[in-house]
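J.: Before anything else, here's the structure in question.
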Amino acid sequence: LEAALIGTPFVVVYRVGALSHFIARRLVRVPWASLPNLLLGEPAARELLQGDCRPATIAAEAARLLADRQARIQPV
């Protein structure tokens with residue numbers, strides 16, 4: 001949350017067990033998983049959840065943020 005407040009670009013990565021994910025999806029109805037995105041009501045950081053949470057995907061998103069100045073200043 002503090003990183004988002006000061007404008008630091010970041011990637012949100014969450015991966016939980018299949019049963020936990022199944023239960024959470026049935027109980028929680030929110031459009032995003034991260035607190036900054038929820039508080040802003042719009043995506044401030046890209047979220048990589050469950051199946052998207054792979055080393056190659058995480059590395060690609062981090063590389064994009066490091067290489068592209070425009071991606072660092074604009075939200076997702």
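Order determines the names: the first chain of the structure tokens is A, the second B, and so forth; residues in each chain are numbered 1 upward, and ligands are numbered 1 upward as they are shown.
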Report as a PyMOL selection string all protein, DNA and RNA residues lying within 12 Å of region 47-61 of chain A, evaluated on only C-alpha atoms, omitting residues in the same chain fewer than 4 positions from it.
T.: chain A and resi 9-22+25+31-38+42-43+65-68+71-72+75-76
J.: For the residues selected in the previous step, produce a file with N, CA, C and O atoms as a compact mmCIF listing (two decimals), in the first residue's frame.
T.:
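As written to disk, selection_12.txt reads:
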# COMPACT_ATOMS: atom_id res chain seq x y z
N PRO A 9 6.23 1.71 -9.06
CA PRO A 9 5.62 0.66 -9.89
C PRO A 9 5.88 -0.72 -9.28
O PRO A 9 6.97 -0.97 -8.75
N PHE A 10 4.89 -1.58 -9.31
CA PHE A 10 5.06 -2.91 -8.74
C PHE A 10 4.06 -3.88 -9.37
O PHE A 10 3.12 -3.47 -10.04
N VAL A 11 4.30 -5.14 -9.12
CA VAL A 11 3.44 -6.21 -9.61
C VAL A 11 2.93 -6.96 -8.38
O VAL A 11 3.70 -7.26 -7.47
N VAL A 12 1.65 -7.25 -8.36
CA VAL A 12 1.06 -8.00 -7.26
C VAL A 12 1.02 -9.47 -7.66
O VAL A 12 0.53 -9.80 -8.74
N VAL A 13 1.55 -10.32 -6.80
CA VAL A 13 1.62 -11.75 -7.10
C VAL A 13 1.01 -12.53 -5.95
O VAL A 13 1.47 -12.41 -4.81
N TYR A 14 -0.06 -13.28 -6.24
CA TYR A 14 -0.70 -14.12 -5.23
C TYR A 14 -0.95 -15.50 -5.81
O TYR A 14 -1.50 -15.63 -6.91
N ARG A 15 -0.57 -16.50 -5.05
CA ARG A 15 -0.89 -17.87 -5.42
C ARG A 15 -1.17 -18.64 -4.14
O ARG A 15 -0.36 -18.63 -3.22
N VAL A 16 -2.33 -19.25 -4.07
CA VAL A 16 -2.72 -20.03 -2.90
C VAL A 16 -3.10 -21.43 -3.35
O VAL A 16 -3.23 -21.70 -4.55
N GLY A 17 -3.31 -22.29 -2.40
CA GLY A 17 -3.73 -23.66 -2.72
C GLY A 17 -5.06 -23.68 -3.44
O GLY A 17 -5.88 -22.75 -3.31
N ALA A 18 -5.29 -24.73 -4.20
CA ALA A 18 -6.51 -24.83 -5.02
C ALA A 18 -7.77 -24.77 -4.17
O ALA A 18 -8.73 -24.09 -4.54
N LEU A 19 -7.78 -25.44 -3.04
CA LEU A 19 -8.96 -25.43 -2.18
C LEU A 19 -9.20 -24.03 -1.60
O LEU A 19 -10.34 -23.54 -1.59
N SER A 20 -8.15 -23.38 -1.15
CA SER A 20 -8.28 -22.02 -0.62
C SER A 20 -8.80 -21.06 -1.69
O SER A 20 -9.66 -20.22 -1.43
N HIS A 21 -8.29 -21.21 -2.90
CA HIS A 21 -8.75 -20.36 -4.00
C HIS A 21 -10.22 -20.61 -4.30
O HIS A 21 -11.00 -19.67 -4.50
N PHE A 22 -10.62 -21.86 -4.33
CA PHE A 22 -12.02 -22.22 -4.59
C PHE A 22 -12.94 -21.60 -3.55
O PHE A 22 -13.95 -20.99 -3.88
N ARG A 25 -13.01 -17.68 -3.79
CA ARG A 25 -13.80 -17.21 -4.93
C ARG A 25 -15.29 -17.30 -4.67
O ARG A 25 -16.07 -16.51 -5.22
N PRO A 31 -13.36 -7.06 -7.42
CA PRO A 31 -12.76 -7.10 -8.76
C PRO A 31 -11.25 -7.28 -8.75
O PRO A 31 -10.68 -7.69 -9.75
N TRP A 32 -10.59 -6.95 -7.63
CA TRP A 32 -9.13 -7.08 -7.53
C TRP A 32 -8.76 -7.74 -6.22
O TRP A 32 -9.54 -7.75 -5.28
N ALA A 33 -7.53 -8.22 -6.15
CA ALA A 33 -7.07 -8.89 -4.94
C ALA A 33 -6.18 -8.01 -4.07
O ALA A 33 -6.07 -8.25 -2.88
N SER A 34 -5.56 -7.00 -4.65
CA SER A 34 -4.61 -6.19 -3.89
C SER A 34 -5.29 -4.97 -3.27
O SER A 34 -6.20 -4.38 -3.84
N LEU A 35 -4.79 -4.58 -2.11
CA LEU A 35 -5.35 -3.45 -1.40
C LEU A 35 -5.26 -2.14 -2.18
O LEU A 35 -6.25 -1.40 -2.22
N PRO A 36 -4.14 -1.81 -2.82
CA PRO A 36 -4.11 -0.55 -3.59
C PRO A 36 -5.18 -0.51 -4.68
O PRO A 36 -5.85 0.51 -4.85
N ASN A 37 -5.34 -1.59 -5.42
CA ASN A 37 -6.36 -1.61 -6.48
C ASN A 37 -7.76 -1.49 -5.89
O ASN A 37 -8.62 -0.79 -6.44
N LEU A 38 -8.01 -2.16 -4.78
CA LEU A 38 -9.33 -2.08 -4.14
C LEU A 38 -9.63 -0.68 -3.64
O LEU A 38 -10.74 -0.17 -3.82
N GLU A 42 -9.64 1.11 -9.10
CA GLU A 42 -9.13 0.89 -10.46
C GLU A 42 -7.77 0.21 -10.34
O GLU A 42 -7.13 0.28 -9.31
N PRO A 43 -7.33 -0.46 -11.41
CA PRO A 43 -6.04 -1.15 -11.33
C PRO A 43 -4.86 -0.18 -11.32
O PRO A 43 -4.63 0.52 -12.29
N LEU A 65 8.26 -3.19 -16.70
CA LEU A 65 8.29 -2.01 -15.84
C LEU A 65 9.68 -1.37 -15.81
O LEU A 65 9.80 -0.15 -15.75
N LEU A 66 10.71 -2.19 -15.83
CA LEU A 66 12.08 -1.66 -15.80
C LEU A 66 12.46 -1.00 -17.12
O LEU A 66 13.18 0.01 -17.13
N ALA A 67 11.99 -1.54 -18.22
CA ALA A 67 12.41 -1.07 -19.54
C ALA A 67 11.57 0.09 -20.08
O ALA A 67 12.08 0.92 -20.83
N ASP A 68 10.31 0.14 -19.71
CA ASP A 68 9.39 1.10 -20.31
C ASP A 68 9.02 2.20 -19.31
O ASP A 68 8.25 1.97 -18.39
N ALA A 71 5.31 2.83 -18.91
CA ALA A 71 4.61 1.80 -18.10
C ALA A 71 4.78 2.07 -16.62
O ALA A 71 3.90 1.73 -15.82
N ARG A 72 5.88 2.69 -16.24
CA ARG A 72 6.11 3.00 -14.83
C ARG A 72 5.25 4.15 -14.34
O ARG A 72 4.89 4.21 -13.17
N PRO A 75 -0.80 3.76 -14.64
CA PRO A 75 -1.33 2.52 -14.07
C PRO A 75 -1.65 1.50 -15.17
O PRO A 75 -1.69 1.85 -16.34
N VAL A 76 -1.93 0.32 -14.77
CA VAL A 76 -2.18 -0.78 -15.69
C VAL A 76 -3.22 -0.45 -16.71
O VAL A 76 -4.21 0.03 -16.67
J.: Could you pull out the residues in chain A that DSSP calls helix (DSSP H, G or I) from the backbone, as number ranges by chain?
T.: A: 2-5, 18-27, 35-40, 50-52, 55-67, 69-73
J.: Once you have the residues from the selection above, write them out as a compact mmCIF listing (two decimals), in the first residue's frame, restricted to C-alpha atoms.
T.:
# COMPACT_ATOMS: atom_id res chain seq x y z
CA GLU A 2 2.82 2.40 0.84
CA ALA A 3 4.54 1.66 -2.46
CA ALA A 4 1.37 2.59 -4.33
CA LEU A 5 0.98 5.80 -2.31
CA ALA A 18 -6.51 -24.83 -5.02
CA LEU A 19 -8.96 -25.43 -2.18
CA SER A 20 -8.28 -22.02 -0.62
CA HIS A 21 -8.75 -20.36 -4.00
CA PHE A 22 -12.02 -22.22 -4.59
CA ILE A 23 -13.40 -21.19 -1.20
CA ALA A 24 -12.23 -17.58 -1.49
CA ARG A 25 -13.80 -17.21 -4.93
CA ARG A 26 -17.14 -18.39 -3.53
CA LEU A 27 -17.04 -16.10 -0.47
CA LEU A 35 -5.35 -3.45 -1.40
CA PRO A 36 -4.11 -0.55 -3.59
CA ASN A 37 -6.36 -1.61 -6.48
CA LEU A 38 -9.33 -2.08 -4.14
CA LEU A 39 -8.89 1.29 -2.44
CA LEU A 40 -8.42 3.18 -5.70
CA GLN A 50 -3.06 -18.31 -9.56
CA GLY A 51 -2.38 -19.55 -13.11
CA ASP A 52 -0.76 -16.26 -14.16
CA PRO A 55 8.20 -17.22 -13.13
CA ALA A 56 8.18 -16.29 -16.82
CA THR A 57 5.09 -14.08 -16.44
CA ILE A 58 6.44 -12.37 -13.33
CA ALA A 59 9.82 -11.77 -14.98
CA ALA A 60 8.19 -10.40 -18.15
CA GLU A 61 6.07 -7.93 -16.18
CA ALA A 62 9.04 -6.82 -14.06
CA ALA A 63 11.16 -6.41 -17.20
CA ARG A 64 8.40 -4.36 -18.82
CA LEU A 65 8.29 -2.01 -15.84
CA LEU A 66 12.08 -1.66 -15.80
CA ALA A 67 12.41 -1.07 -19.54
CA ARG A 69 9.29 4.50 -18.60
CA GLN A 70 5.70 5.09 -19.74
CA ALA A 71 4.61 1.80 -18.10
CA ARG A 72 6.11 3.00 -14.83
CA ILE A 73 4.15 6.24 -14.75
J.: Got a sec to tell me which of chain A DSSP assigns to strand (DSSP E), as a ChimeraX atom specification?
T.: /A:11-14,46-49
